[in-house]
Structures are given as structure tokens and as C-alpha cells.
Amino acid sequence: MSIEKLNNLDNFILKTESKNLTWTVALMWTFEKSIDVNSLTDLFQNLVEEFPRFKSRPVGDHFWWTHSWEKIKDFNVSDCIEAYTLPLPGSKDELEAYFGKVIEERFDLSRALWRCYVVYGLDGGQGSAVIIKAHHCITDGEGFMRAALLASLGWEKLEQAFKIMRDRLNTPKPKPSELPILRLSFIRPHVNRIPSGLIDTYLFLLQIFSIFTWIIAGFVNSLKLTALLLFTSRKNFRCDLNTHQESSTRTKRISWSDEISIDDIRIPRKAFNASLNDVMVATVIRAIRKYLVEINRIKDNDIVLFIPLSMRKVNDFRCENIVSGAFTPFPFVDLTTKQLIKAVHKKMSLVKCSIFPVLIHAIGEKLIVPGLTSKTFNDWLTSWGHGVLTNVPGPAIPITVAGQTVQRFFALPPQNTYGSLGMGILSYNNKLSFCVLTDDLIEYPLLARRVSKLFNEEFNRIVADAKIELERIEKGIIDEDEDKDDKIELLKIAGILVLAF
């Protein structure tokens with residue numbers, strides 16, 4: 001019996017899976033002690049009852065309408081749960097290898113499109129891990145994480161876990177001394193004497209001016225991005241499939257970074273007036289670039305990353321794809337930390353006002369005729385990018401699953417094409433982890449492991465540079481770049497005055 005139809009984006013994802021693209025999202029929890037399989041079975045029974053898609057399969061493909069979800073007869077949660085014991089010594093290396101093997105296995109569309117793997121023998125036999133993967137047609141990555149957390153925690157504890165995150169979204173208005181205009185060299189000494197009403201008026205006019213200019217900038221950037229992607233071709237991480245094994249599975253490699261503190265991220269955010277996303281994207285770009293420098297294979301001046309943009313509100317727990325995104329080119333040359341974060345900030349701001357994500361979401365939700373979906377076109381489209389980079393906000397406090405406290409929490413998006421990188425950043429318990437998925441390619445040895453290690457090294461470098469920048473700001477030292485920024489800010493003020501009068 002059909003219980004619901006896939007929305008157009010769900011259906012598009014289901015129909016465009018190919019030998020180049022595996023639409024799998026995954027998460028992993030690690031624990032200090034062994035976790036009880038029976039408790040996990042109860043947990044996932046809650047999952048399938050709360051979200052029936054997890055006990056259904058897609059059926060009824062048609063040119064004019066999407067697949068429907070059909071409940072699987074005699075469905076048993078235990079059929080979707082597997083146990084595995086790592087070989088000694090049960091280190092991170094063995095867990096990474098097993099995680100990669102799990103991801104490379106494709107789903108059987110006649111069965112439920114999710115699996116749970118309970119891994120024992122971690123850390124010499126004492127610890128354990130739980131890997132959960134699902135087909136992207138069920139829901140997007142953030143929806144998948146929320147569904148898994150809801151099943152394991154229940155509504156009350158989940159609300160508590162996400163409360164701090166909601167509070168962080170309601171950020172207070174910047175202090176007067178933190179506004180860019182008030183950091184100008186000739187205004188900075190007189191900040192305390194400026195009336196608050198004048199500052200509020202300036203902020204109101206700046207908001208109007210910014211909306212107008214960002215709409216224009218977003219449209220122009222969309223045209224430039226289209227031209228870049230149509231008339232140029234990336235060279236790094238582009239692999240000829242004919243030279244690699246043509247089988248239903250290929251070896252996947254997964255690795256992850258050491259944890260970094262959210263408090264440490266605040267240092268470069270303050271120094272460079274940047275968001276958390278700006279700092280993380282800059283860190284990832286530097287890590288990838290340093291790896292390519294090490295193996296002497298830098299071939300591109302830009303790195304093109306697909307940046308997913310969630311359309312969910314904080315309290316949206318629907319089990320379907322509510323997401324958009326855009327391919328975004330970032331500079332892939334040797335820049336100072338300040339220059340790189342400034343460039344990333346500009347690109348990320350343009351993504352938010354670009355017409356591409358809006359069009360993708362509109363087409364995905366309303367305009368797609370299922371029969372027109374083309375694997376060939378989608379393979380060509382997704383081959384534009386070097387990788388996918390997503391940042392998922394997780395619980396801000398420790399959570400307990402089946403009686404065990406989760407030590408580390410990872411999220412992993414799919415790759416955009418064969419040879420590319422699938423990269424997930426997830427915050428949990430005031431810390432952040434970076435996880436990367438790659439193919440095992442001779443041309444790029446130890447890619448996943450090296451990039452994940454370089455992520456920590458490059459983040460430490462950015463923090464060190466940020467501390468130096470904060471000292472310069474404290475001393476009132478102005479460099480040439482800041483002087484140029486002052487002139488740009490004055491032009492903004494002039495525009496605001498023209499708009500006002």
C-alpha cells in the first residue's frame with residue numbers, strides 16, 4: 001500500500017544515482033564502552049514508527065509523477081542492523097577502513113534504504129561505534145541526523161539538546177565598537193562620543209542599501225558562475241573512469257580530524273569579522289591545497305565546492321529533502337589568512353543571495369517532470385565541482401544513546417562525482433569535527449587521511465594568525481588592505497547618503 005509520494009527532489013535524487021554518483025548520507029557515533037545491540041533495535045523501532053519511510057521502499061516510477069513509498073511486507077528492524085568486530089588493535093585506522101567499506105556498498109532498492117552497523121573492538125576492544133547510513137532520497141543530511149536523534153532521545157531531550165543552538169541563532173546586535181564603519185582609522189578614537197540614535201539610523205540605511213546591492217551582486221555572480229562552469233573545466237580530482245575498476249563498488253576511503261573547540265573558532269571570527277562557516281571553509285581550502293602542494297599536483301586556480309543550503313527551520317523535523325545549494329568557486333592560490341577569509345566571506349555571502357539555490361529549490365519542489373530527469377545531464381552537472389562541503393549544527397550538549405554517552409559525532413555527505421571529496425563538518429558538545437570521503441586513487445595517495453590531518457594543522461595556523469591580527473587591532477596598526485577597506489566603506493556611506501536623500 002502506498003503511504004506517500006516522494007517529493008520531486010527526493011525523486012530526482014533516486015533517479016540520478018549512477019556509477020559516478022552514490023547518493024548516501026551517513027553519521028557515526030563513538031562510545032567508550034560496548035553498546036547493546038538489543039537497545040539499538042528498540043531505538044530503531046522508534047525510528048521506523050516515527051518516520052515510515054524507513055520501513056518502506058520506492059515503487060511506481062512514471063513519466064508524469066514521482067515514485068511512491070510502499071510499506072515493506074513483514075518488515076523487521078533487525079534485518080537492517082549488522083554487528084562487526086574490528087581486527088586488532090581496533091584503532092582509528094581499522095574503523096576508517098570499515099567505514100569506507102560500508103559506504104561503498106550500494107542499496108538494494110527492493111529493501112529498506114537504510115542500514116545500521118554496530119562496530120565492536122574499538123580502542124583495543126573496550127570501545128564501540130555505531131554507523132548509520134541512508135539513501136538521500138529518504139531525507140537530506142540534516143533531516144537524517146534529526147530523525148536519528150529524535151528516535152534515540154525522544155522529543156523532550158531533543159528539544160533540550162537543540163535549545164542552545166536556537167539561542168545562538170538569536171545573536172544580539174553588534175556593539176557599536178564592532179561595526180565595520182566604527183573601526184575606520186579616523187573614526188575609531190571618537191567611537192564613545194557618537195550618539196546611539198545616529199548609529200541606529202546608519203544601521204537601518206545600511207540594511208536597505210545592502211539588500212539592494214546584494215540582489216544585484218547575486219545576479220551578476222550567478223551569471224559569472226555559469227560562464228565559469230560552462231567554459232572552464234576543473235583538472236584536480238578529475239579521473240578517467242575507463243582507467244579505473246568498472247564494478248558496482250569501488251574502494252572508498254574515509255578519515256576524520258581531531259576535535260577543535262568552538263571557543264578557538266571565535267578567535268579568527270573576531271579578528272577577521274567572519275562567520276564560523278567562513279573560517280571552516282578557509283581551513284578546508286588550505287588543507288586541500290597543502291595536500292596538492294605536497295604531491296606536486298596543483299592544476300587549478302579555483303576550487304569549486306558544492307555548498308548545500310538547508311531550507312529547514314530549527315524546529316522542522318520533516319523526513320524529506322528540504323535543501324538547496326550551489327557550486328561555488330573559491331580562490332585556490334597562496335593567500336594570507338586575512339585575504340583568504342575575506343575572499344571566502346565574499347563568496348559565501350554571494351551564495352546566499354544567488355538565484356541558483358532558489359532556482360534549484362523551486363525546480364526540485366514544483367517544476368520537475370520526473371520523466372525528464374537525466375542521469376547523463378546530472379553526471380555532467382555534478383562533475384563541475386571538486387567536492388561537497390556541508391556544515392551541520394549538532395547538539396550543543398552531550399547526548400546518550402542506548403545508555404551510552406556519545407563521545408564523538410560525525411556526519412558525511414555524498415561525493416558529487418567519482419574522484420571528488422565528500423566533506424562534512426559537524427558541531428557537537430561545543431566541539432567540531434571534520435570528516436572526509438574520497439575514492440582510493442593512485443593519483444592522489446592517502447588523500448582522505450592527509451587532508452583530515454592537515455585540517456587541524458591549517459586551523460592552528462589560522463588561529464595563530466588571528467591572534468597576531470588581534471594584537472595589531474589592539475595597537476591601532478593599519479595595513480594597506482585595511483586602508484583600501486576604509487575607502488570602500490566610505491563609498492558605502494556615500495551610497496547610503498544618496499539613497500537617503
# chains A, B, ... in the order shown; residues from 1 in each chain; ligands from 1
call {"tool": "select_by_dssp", "arguments": {"residues": "range 301-456 of chain A", "states": "strand (DSSP E or B)", "output": "PyMOL selection string"}}
result
chain A and resi 302-310+323-331+387-393+400-401+404-405+408-412+421-428+431-439
call {"tool": "residues_around", "arguments": {"residues": "range 252-261 of chain A", "least_positions_apart": "4", "cutoff": "7 Å", "atoms": "only C-alpha atoms", "output": "PDB file with N, CA and C atoms, in the first residue's frame"}}
result
ATOM      1  N   GLU A  96      38.263   3.435  10.220  1.00  0.00           N
ATOM      2  CA  GLU A  96      38.153   4.183   8.965  1.00  0.00           C
ATOM      3  C   GLU A  96      38.009   3.245   7.771  1.00  0.00           C
ATOM      4  N   ALA A  97      38.786   2.169   7.772  1.00  0.00           N
ATOM      5  CA  ALA A  97      38.715   1.213   6.659  1.00  0.00           C
ATOM      6  C   ALA A  97      37.337   0.562   6.591  1.00  0.00           C
ATOM      7  N   PHE A  99      34.469   1.803   7.801  1.00  0.00           N
ATOM      8  CA  PHE A  99      33.510   2.845   7.431  1.00  0.00           C
ATOM      9  C   PHE A  99      33.499   3.020   5.904  1.00  0.00           C
ATOM     10  N   GLY A 100      34.684   3.035   5.290  1.00  0.00           N
ATOM     11  CA  GLY A 100      34.765   3.163   3.843  1.00  0.00           C
ATOM     12  C   GLY A 100      34.095   1.994   3.128  1.00  0.00           C
ATOM     13  N   LYS A 101      34.291   0.785   3.662  1.00  0.00           N
ATOM     14  CA  LYS A 101      33.669  -0.398   3.064  1.00  0.00           C
ATOM     15  C   LYS A 101      32.150  -0.324   3.149  1.00  0.00           C
ATOM     16  N   GLU A 104      30.771   2.159   0.467  1.00  0.00           N
ATOM     17  CA  GLU A 104      30.860   1.755  -0.936  1.00  0.00           C
ATOM     18  C   GLU A 104      29.786   0.732  -1.321  1.00  0.00           C
ATOM     19  N   ILE A 265      37.471  28.765  17.595  1.00  0.00           N
ATOM     20  CA  ILE A 265      36.996  29.332  16.328  1.00  0.00           C
ATOM     21  C   ILE A 265      36.606  30.794  16.509  1.00  0.00           C
ATOM     22  N   ASN A 430      30.046  21.592  21.991  1.00  0.00           N
ATOM     23  CA  ASN A 430      30.993  22.711  21.970  1.00  0.00           C
ATOM     24  C   ASN A 430      32.310  22.373  21.284  1.00  0.00           C
ATOM     25  N   LYS A 431      32.291  21.314  20.472  1.00  0.00           N
ATOM     26  CA  LYS A 431      33.463  20.956  19.691  1.00  0.00           C
ATOM     27  C   LYS A 431      33.037  20.671  18.255  1.00  0.00           C
ATOM     28  N   LEU A 432      34.009  20.632  17.380  1.00  0.00           N
ATOM     29  CA  LEU A 432      33.697  20.465  15.965  1.00  0.00           C
ATOM     30  C   LEU A 432      34.635  19.441  15.350  1.00  0.00           C
ATOM     31  N   SER A 433      34.083  18.590  14.470  1.00  0.00           N
ATOM     32  CA  SER A 433      34.867  17.567  13.786  1.00  0.00           C
ATOM     33  C   SER A 433      34.671  17.673  12.283  1.00  0.00           C
ATOM     34  N   PHE A 434      35.716  17.339  11.547  1.00  0.00           N
ATOM     35  CA  PHE A 434      35.716  17.364  10.085  1.00  0.00           C
ATOM     36  C   PHE A 434      35.924  15.934   9.587  1.00  0.00           C
ATOM     37  N   CYS A 435      35.062  15.497   8.661  1.00  0.00           N
ATOM     38  CA  CYS A 435      35.136  14.144   8.122  1.00  0.00           C
ATOM     39  C   CYS A 435      35.161  14.226   6.604  1.00  0.00           C
ATOM     40  N   VAL A 436      35.974  13.374   5.954  1.00  0.00           N
ATOM     41  CA  VAL A 436      36.120  13.449   4.504  1.00  0.00           C
ATOM     42  C   VAL A 436      36.043  12.059   3.883  1.00  0.00           C
ATOM     43  N   LEU A 437      35.329  11.979   2.751  1.00  0.00           N
ATOM     44  CA  LEU A 437      35.149  10.749   1.980  1.00  0.00           C
ATOM     45  C   LEU A 437      35.783  10.935   0.606  1.00  0.00           C
ATOM     46  N   THR A 438      36.620   9.982   0.181  1.00  0.00           N
ATOM     47  CA  THR A 438      37.253  10.050  -1.133  1.00  0.00           C
ATOM     48  C   THR A 438      37.263   8.652  -1.764  1.00  0.00           C
ATOM     49  N   ASP A 439      37.668   8.607  -3.029  1.00  0.00           N
ATOM     50  CA  ASP A 439      37.935   7.332  -3.684  1.00  0.00           C
ATOM     51  C   ASP A 439      39.414   6.999  -3.541  1.00  0.00           C
ATOM     52  N   ASP A 440      39.720   5.729  -3.571  1.00  0.00           N
ATOM     53  CA  ASP A 440      41.108   5.275  -3.435  1.00  0.00           C
ATOM     54  C   ASP A 440      41.773   5.334  -4.813  1.00  0.00           C
ATOM     55  N   ALA A 448      42.257  11.166   1.809  1.00  0.00           N
ATOM     56  CA  ALA A 448      41.362  11.421   2.939  1.00  0.00           C
ATOM     57  C   ALA A 448      42.135  11.593   4.246  1.00  0.00           C
ATOM     58  N   ARG A 449      43.067  10.687   4.500  1.00  0.00           N
ATOM     59  CA  ARG A 449      43.805  10.733   5.766  1.00  0.00           C
ATOM     60  C   ARG A 449      44.660  11.991   5.875  1.00  0.00           C
ATOM     61  N   SER A 452      42.456  15.273   6.287  1.00  0.00           N
ATOM     62  CA  SER A 452      41.877  15.384   7.631  1.00  0.00           C
ATOM     63  C   SER A 452      42.930  15.816   8.644  1.00  0.00           C
ATOM     64  N   LYS A 453      44.167  15.340   8.480  1.00  0.00           N
ATOM     65  CA  LYS A 453      45.246  15.750   9.390  1.00  0.00           C
ATOM     66  C   LYS A 453      45.638  17.210   9.147  1.00  0.00           C
ATOM     67  N   PHE A 455      43.763  19.477   8.090  1.00  0.00           N
ATOM     68  CA  PHE A 455      42.694  20.343   8.571  1.00  0.00           C
ATOM     69  C   PHE A 455      43.059  20.920   9.942  1.00  0.00           C
ATOM     70  N   ASN A 456      43.521  20.074  10.845  1.00  0.00           N
ATOM     71  CA  ASN A 456      43.918  20.561  12.176  1.00  0.00           C
ATOM     72  C   ASN A 456      45.125  21.483  12.099  1.00  0.00           C
TER      73      ASN A 456
END
call {"tool": "closest_residue", "arguments": {"among": "A:Ile72, A:Gln404, A:Leu21, A:Leu122", "to": "Phe54 in chain A", "atoms": "only C-alpha atoms"}}
result
A:Ile72
call {"tool": "residues_around", "arguments": {"residues": "Lys338 in chain A", "least_positions_apart": "3", "cutoff": "7 Å", "atoms": "only C-alpha atoms", "output": "VMD selection string"}}
result
chain A and resid 272 341 to 342
call {"tool": "select_by_dssp", "arguments": {"residues": "range 418-475 of chain A", "states": "helix (DSSP H, G or I)", "output": "number ranges by chain"}}
result
A: 447-475
call {"tool": "residues_around", "arguments": {"residues": "range 80-85 of chain A", "least_positions_apart": "3", "cutoff": "10 Å", "atoms": "only C-alpha atoms", "output": "PDB file with N, CA and C atoms, in the first residue's frame"}}
result
ATOM      1  N   VAL A  37      23.244  -4.206  21.413  1.00  0.00           N
ATOM      2  CA  VAL A  37      22.510  -4.286  20.143  1.00  0.00           C
ATOM      3  C   VAL A  37      21.003  -4.283  20.381  1.00  0.00           C
ATOM      4  N   LEU A  40      19.721  -0.885  20.761  1.00  0.00           N
ATOM      5  CA  LEU A  40      19.696  -0.196  19.474  1.00  0.00           C
ATOM      6  C   LEU A  40      18.507  -0.646  18.638  1.00  0.00           C
ATOM      7  N   THR A  41      18.151  -1.913  18.724  1.00  0.00           N
ATOM      8  CA  THR A  41      16.986  -2.407  17.986  1.00  0.00           C
ATOM      9  C   THR A  41      15.728  -1.670  18.420  1.00  0.00           C
ATOM     10  N   PHE A  44      15.803   1.883  16.930  1.00  0.00           N
ATOM     11  CA  PHE A  44      15.442   1.995  15.518  1.00  0.00           C
ATOM     12  C   PHE A  44      14.002   1.577  15.257  1.00  0.00           C
ATOM     13  N   PHE A  54      11.395   4.822   6.619  1.00  0.00           N
ATOM     14  CA  PHE A  54      12.479   3.917   6.966  1.00  0.00           C
ATOM     15  C   PHE A  54      12.054   2.446   6.954  1.00  0.00           C
ATOM     16  N   LYS A  55      10.768   2.181   6.782  1.00  0.00           N
ATOM     17  CA  LYS A  55      10.321   0.789   6.628  1.00  0.00           C
ATOM     18  C   LYS A  55       9.567   0.616   5.311  1.00  0.00           C
ATOM     19  N   PHE A  75       8.245  -6.337   7.405  1.00  0.00           N
ATOM     20  CA  PHE A  75       9.485  -5.606   7.715  1.00  0.00           C
ATOM     21  C   PHE A  75       9.939  -5.895   9.143  1.00  0.00           C
ATOM     22  N   ASN A  76      11.245  -6.112   9.308  1.00  0.00           N
ATOM     23  CA  ASN A  76      11.833  -6.360  10.621  1.00  0.00           C
ATOM     24  C   ASN A  76      13.056  -5.478  10.783  1.00  0.00           C
ATOM     25  N   VAL A  77      13.064  -4.661  11.826  1.00  0.00           N
ATOM     26  CA  VAL A  77      14.184  -3.747  12.072  1.00  0.00           C
ATOM     27  C   VAL A  77      15.513  -4.488  12.143  1.00  0.00           C
ATOM     28  N   LEU A  88      42.256  -6.526  15.532  1.00  0.00           N
ATOM     29  CA  LEU A  88      43.175  -5.847  16.452  1.00  0.00           C
ATOM     30  C   LEU A  88      44.140  -4.968  15.668  1.00  0.00           C
ATOM     31  N   GLY A  90      42.140  -2.496  16.716  1.00  0.00           N
ATOM     32  CA  GLY A  90      40.888  -1.760  16.828  1.00  0.00           C
ATOM     33  C   GLY A  90      41.097  -0.262  16.897  1.00  0.00           C
ATOM     34  N   LEU A  95      38.843   1.342  11.989  1.00  0.00           N
ATOM     35  CA  LEU A  95      37.482   1.878  11.919  1.00  0.00           C
ATOM     36  C   LEU A  95      37.274   2.658  10.626  1.00  0.00           C
ATOM     37  N   TYR A  98      36.778   0.201   7.744  1.00  0.00           N
ATOM     38  CA  TYR A  98      35.461  -0.425   7.754  1.00  0.00           C
ATOM     39  C   TYR A  98      34.373   0.566   7.344  1.00  0.00           C
ATOM     40  N   ARG A 111      14.592  -3.218  -0.866  1.00  0.00           N
ATOM     41  CA  ARG A 111      14.593  -3.305   0.591  1.00  0.00           C
ATOM     42  C   ARG A 111      14.554  -1.903   1.203  1.00  0.00           C
ATOM     43  N   ALA A 112      14.471  -1.839   2.528  1.00  0.00           N
ATOM     44  CA  ALA A 112      14.524  -0.549   3.209  1.00  0.00           C
ATOM     45  C   ALA A 112      15.859   0.129   2.899  1.00  0.00           C
ATOM     46  N   LEU A 113      15.833   1.442   2.698  1.00  0.00           N
ATOM     47  CA  LEU A 113      17.019   2.151   2.212  1.00  0.00           C
ATOM     48  C   LEU A 113      17.824   2.771   3.352  1.00  0.00           C
ATOM     49  N   TRP A 114      18.106   1.978   4.361  1.00  0.00           N
ATOM     50  CA  TRP A 114      18.998   2.415   5.433  1.00  0.00           C
ATOM     51  C   TRP A 114      19.619   1.185   6.084  1.00  0.00           C
ATOM     52  N   ARG A 115      20.755   1.372   6.729  1.00  0.00           N
ATOM     53  CA  ARG A 115      21.440   0.299   7.449  1.00  0.00           C
ATOM     54  C   ARG A 115      22.125   0.875   8.688  1.00  0.00           C
ATOM     55  N   CYS A 116      22.213   0.040   9.712  1.00  0.00           N
ATOM     56  CA  CYS A 116      22.959   0.389  10.922  1.00  0.00           C
ATOM     57  C   CYS A 116      24.031  -0.672  11.147  1.00  0.00           C
ATOM     58  N   TYR A 117      25.238  -0.229  11.426  1.00  0.00           N
ATOM     59  CA  TYR A 117      26.364  -1.143  11.665  1.00  0.00           C
ATOM     60  C   TYR A 117      26.909  -0.877  13.069  1.00  0.00           C
ATOM     61  N   VAL A 118      26.822  -1.893  13.915  1.00  0.00           N
ATOM     62  CA  VAL A 118      27.329  -1.784  15.285  1.00  0.00           C
ATOM     63  C   VAL A 118      28.743  -2.363  15.296  1.00  0.00           C
ATOM     64  N   VAL A 119      29.711  -1.530  15.622  1.00  0.00           N
ATOM     65  CA  VAL A 119      31.117  -1.906  15.500  1.00  0.00           C
ATOM     66  C   VAL A 119      31.716  -2.093  16.886  1.00  0.00           C
ATOM     67  N   TYR A 120      32.253  -3.292  17.131  1.00  0.00           N
ATOM     68  CA  TYR A 120      32.896  -3.595  18.411  1.00  0.00           C
ATOM     69  C   TYR A 120      34.411  -3.689  18.218  1.00  0.00           C
ATOM     70  N   GLY A 121      35.119  -3.729  19.348  1.00  0.00           N
ATOM     71  CA  GLY A 121      36.569  -3.905  19.301  1.00  0.00           C
ATOM     72  C   GLY A 121      37.348  -2.627  19.104  1.00  0.00           C
ATOM     73  N   LEU A 122      36.687  -1.469  19.271  1.00  0.00           N
ATOM     74  CA  LEU A 122      37.371  -0.185  19.099  1.00  0.00           C
ATOM     75  C   LEU A 122      38.263   0.102  20.308  1.00  0.00           C
ATOM     76  N   GLY A 125      39.422  -3.009  22.072  1.00  0.00           N
ATOM     77  CA  GLY A 125      38.351  -3.908  22.482  1.00  0.00           C
ATOM     78  C   GLY A 125      37.364  -3.323  23.445  1.00  0.00           C
ATOM     79  N   SER A 128      33.238   1.114  21.222  1.00  0.00           N
ATOM     80  CA  SER A 128      32.368   0.695  20.124  1.00  0.00           C
ATOM     81  C   SER A 128      31.964   1.912  19.309  1.00  0.00           C
ATOM     82  N   ALA A 129      31.325   1.647  18.188  1.00  0.00           N
ATOM     83  CA  ALA A 129      30.839   2.722  17.322  1.00  0.00           C
ATOM     84  C   ALA A 129      29.552   2.265  16.653  1.00  0.00           C
ATOM     85  N   VAL A 130      28.737   3.216  16.262  1.00  0.00           N
ATOM     86  CA  VAL A 130      27.514   2.945  15.507  1.00  0.00           C
ATOM     87  C   VAL A 130      27.547   3.791  14.240  1.00  0.00           C
ATOM     88  N   ILE A 131      27.497   3.124  13.091  1.00  0.00           N
ATOM     89  CA  ILE A 131      27.453   3.806  11.793  1.00  0.00           C
ATOM     90  C   ILE A 131      26.045   3.624  11.232  1.00  0.00           C
ATOM     91  N   ILE A 132      25.421   4.714  10.854  1.00  0.00           N
ATOM     92  CA  ILE A 132      24.085   4.664  10.258  1.00  0.00           C
ATOM     93  C   ILE A 132      24.159   5.344   8.896  1.00  0.00           C
TER      94      ILE A 132
END
call {"tool": "closest_residue", "arguments": {"among": "A:Asp300, A:Leu153, A:Ser275, A:Asp108", "to": "Arg238 in chain A", "atoms": "only C-alpha atoms"}}
result
A:Asp300
call {"tool": "residues_around", "arguments": {"residues": "Ile462 in chain A", "least_positions_apart": "6", "cutoff": "9 Å", "atoms": "only C-alpha atoms", "output": "ChimeraX atom specification"}}
result
/A:268,279,282-283,337-338
call {"tool": "write_last_selection", "arguments": {"atoms": "C-alpha atoms", "output": "short mmCIF file (atom, residue, chain, number, x, y, z; two decimals), in the first residue's frame"}}
result
data_model
loop_
_atom_site.label_atom_id
_atom_site.label_comp_id
_atom_site.auth_asym_id
_atom_site.auth_seq_id
_atom_site.Cartn_x
_atom_site.Cartn_y
_atom_site.Cartn_z
CA PRO A 268 39.62 34.16 13.95
CA VAL A 279 36.64 30.11 8.97
CA ALA A 282 39.03 28.67 4.56
CA THR A 283 40.55 25.88 6.70
CA THR A 337 44.91 34.21 6.14
CA LYS A 338 43.20 37.58 6.15
#
call {"tool": "residues_around", "arguments": {"residues": "Ser383 in chain A", "least_positions_apart": "2", "cutoff": "9 Å", "atoms": "only C-alpha atoms", "output": "ChimeraX atom specification"}}
result
/A:234,238,378-381,385-386,416-418,420
call {"tool": "write_last_selection", "arguments": {"atoms": "N, CA, C and O atoms", "output": "compact mmCIF listing (two decimals), in the first residue's frame"}}
result
# COMPACT_ATOMS: atom_id res chain seq x y z
N ARG A 234 37.54 21.82 -14.46
CA ARG A 234 38.48 21.54 -13.38
C ARG A 234 39.42 20.42 -13.79
O ARG A 234 39.07 19.55 -14.60
N ARG A 238 39.85 15.06 -11.13
CA ARG A 238 39.08 14.56 -12.27
C ARG A 238 39.75 13.28 -12.75
O ARG A 238 40.90 13.29 -13.18
N ASN A 378 22.84 15.04 -15.26
CA ASN A 378 23.23 15.24 -13.86
C ASN A 378 24.70 14.89 -13.63
O ASN A 378 25.39 15.57 -12.87
N ASP A 379 25.20 13.82 -14.29
CA ASP A 379 26.62 13.47 -14.17
C ASP A 379 27.49 14.60 -14.69
O ASP A 379 28.53 14.92 -14.11
N TRP A 380 27.07 15.21 -15.82
CA TRP A 380 27.83 16.34 -16.36
C TRP A 380 27.79 17.52 -15.40
O TRP A 380 28.80 18.17 -15.15
N LEU A 381 26.61 17.79 -14.84
CA LEU A 381 26.44 18.93 -13.94
C LEU A 381 27.27 18.75 -12.68
O LEU A 381 27.99 19.66 -12.26
N GLY A 385 32.28 20.21 -9.89
CA GLY A 385 32.89 20.53 -8.61
C GLY A 385 34.00 19.61 -8.18
O GLY A 385 34.07 18.44 -8.57
N HIS A 386 34.90 20.15 -7.34
CA HIS A 386 35.95 19.35 -6.73
C HIS A 386 35.42 18.55 -5.54
O HIS A 386 36.04 17.56 -5.14
N ASN A 416 30.10 14.48 -4.98
CA ASN A 416 29.33 14.97 -6.12
C ASN A 416 29.62 14.16 -7.39
O ASN A 416 28.79 14.11 -8.30
N THR A 417 30.77 13.48 -7.44
CA THR A 417 31.09 12.62 -8.57
C THR A 417 32.28 11.74 -8.20
O THR A 417 32.92 11.95 -7.16
N TYR A 418 32.59 10.77 -9.04
CA TYR A 418 33.73 9.89 -8.77
C TYR A 418 35.02 10.69 -8.75
O TYR A 418 35.28 11.53 -9.60
N SER A 420 35.88 12.90 -6.49
CA SER A 420 35.75 14.14 -5.73
C SER A 420 35.77 13.86 -4.23
O SER A 420 35.92 12.73 -3.79
call {"tool": "closest_residue", "arguments": {"among": "A:Ala411, A:Val344, A:Ile399, A:Ile288", "to": "Glu457 in chain A", "atoms": "only C-alpha atoms"}}
result
A:Ile288
call {"tool": "residues_around", "arguments": {"residues": "Arg53 in chain A", "least_positions_apart": "3", "cutoff": "8 Å", "atoms": "only C-alpha atoms", "output": "PyMOL selection string"}}
result
chain A and resi 48+56-57+69+71+138+319
call {"tool": "write_last_selection", "arguments": {"atoms": "C-alpha atoms", "output": "PDB file, in the first residue's frame"}}
result
ATOM      1  CA  VAL A  48      10.625   3.460  11.723  1.00  0.00           C
ATOM      2  CA  SER A  56       9.288   1.422   3.035  1.00  0.00           C
ATOM      3  CA  ARG A  57      10.668   1.173  -0.474  1.00  0.00           C
ATOM      4  CA  TRP A  69       6.667   4.891  -0.693  1.00  0.00           C
ATOM      5  CA  LYS A  71       5.434  -0.293   3.158  1.00  0.00           C
ATOM      6  CA  ILE A 138      14.631   9.486   2.214  1.00  0.00           C
ATOM      7  CA  CYS A 319      11.602  13.422   6.791  1.00  0.00           C
TER       8      CYS A 319
END
call {"tool": "closest_residue", "arguments": {"among": "A:Asn46, A:Asn301, A:Ser110, A:Asn273", "to": "Ile285 in chain A", "atoms": "only C-alpha atoms"}}
result
A:Asn301
call {"tool": "decode", "arguments": {"residues": "range 407-413 of chain A", "atoms": "all heavy atoms", "output": "tab-separated table (two decimals), in the first residue's frame"}}
result
chain	number	residue	atom	x	y	z
A	407	GLN	N	30.71	9.90	22.50
A	407	GLN	CA	31.99	10.60	22.65
A	407	GLN	C	32.26	11.53	21.47
A	407	GLN	O	32.61	12.69	21.65
A	407	GLN	CB	33.12	9.58	22.80
A	407	GLN	CG	32.98	8.68	24.01
A	407	GLN	CD	32.98	9.45	25.30
A	407	GLN	OE1	33.85	10.27	25.56
A	407	GLN	NE2	31.97	9.20	26.14
A	408	ARG	N	32.11	10.97	20.27
A	408	ARG	CA	32.33	11.78	19.06
A	408	ARG	C	31.19	11.53	18.09
A	408	ARG	O	30.59	10.46	18.07
A	408	ARG	CB	33.68	11.48	18.41
A	408	ARG	CG	34.87	11.82	19.29
A	408	ARG	CD	36.15	11.96	18.49
A	408	ARG	NE	36.07	13.08	17.54
A	408	ARG	CZ	37.06	13.39	16.69
A	408	ARG	NH1	38.16	12.66	16.67
A	408	ARG	NH2	36.93	14.41	15.86
A	409	PHE	N	30.91	12.55	17.28
A	409	PHE	CA	29.74	12.55	16.40
A	409	PHE	C	30.21	13.05	15.03
A	409	PHE	O	30.78	14.13	14.92
A	409	PHE	CB	28.69	13.49	17.00
A	409	PHE	CG	27.30	13.35	16.44
A	409	PHE	CD1	26.21	13.79	17.18
A	409	PHE	CD2	27.06	12.82	15.18
A	409	PHE	CE1	24.92	13.70	16.70
A	409	PHE	CE2	25.77	12.72	14.68
A	409	PHE	CZ	24.71	13.17	15.44
A	410	PHE	N	29.99	12.26	13.98
A	410	PHE	CA	30.43	12.63	12.63
A	410	PHE	C	29.26	12.59	11.65
A	410	PHE	O	28.35	11.76	11.79
A	410	PHE	CB	31.52	11.68	12.13
A	410	PHE	CG	32.73	11.59	13.01
A	410	PHE	CD1	32.83	10.58	13.96
A	410	PHE	CD2	33.76	12.51	12.92
A	410	PHE	CE1	33.94	10.48	14.78
A	410	PHE	CE2	34.87	12.42	13.74
A	410	PHE	CZ	34.96	11.41	14.67
A	411	ALA	N	29.30	13.45	10.66
A	411	ALA	CA	28.30	13.44	9.58
A	411	ALA	C	29.05	13.45	8.25
A	411	ALA	O	30.10	14.08	8.11
A	411	ALA	CB	27.39	14.65	9.67
A	412	LEU	N	28.50	12.73	7.27
A	412	LEU	CA	29.18	12.58	5.99
A	412	LEU	C	28.19	12.72	4.84
A	412	LEU	O	27.23	11.96	4.75
A	412	LEU	CB	29.85	11.21	5.92
A	412	LEU	CG	30.95	11.00	4.88
A	412	LEU	CD1	32.11	11.96	5.10
A	412	LEU	CD2	31.44	9.56	4.91
A	413	PRO	N	28.40	13.71	3.94
A	413	PRO	CA	27.54	13.84	2.76
A	413	PRO	C	28.06	12.95	1.64
A	413	PRO	O	29.16	12.40	1.73
A	413	PRO	CB	27.71	15.32	2.40
A	413	PRO	CG	29.14	15.61	2.75
A	413	PRO	CD	29.42	14.78	4.00
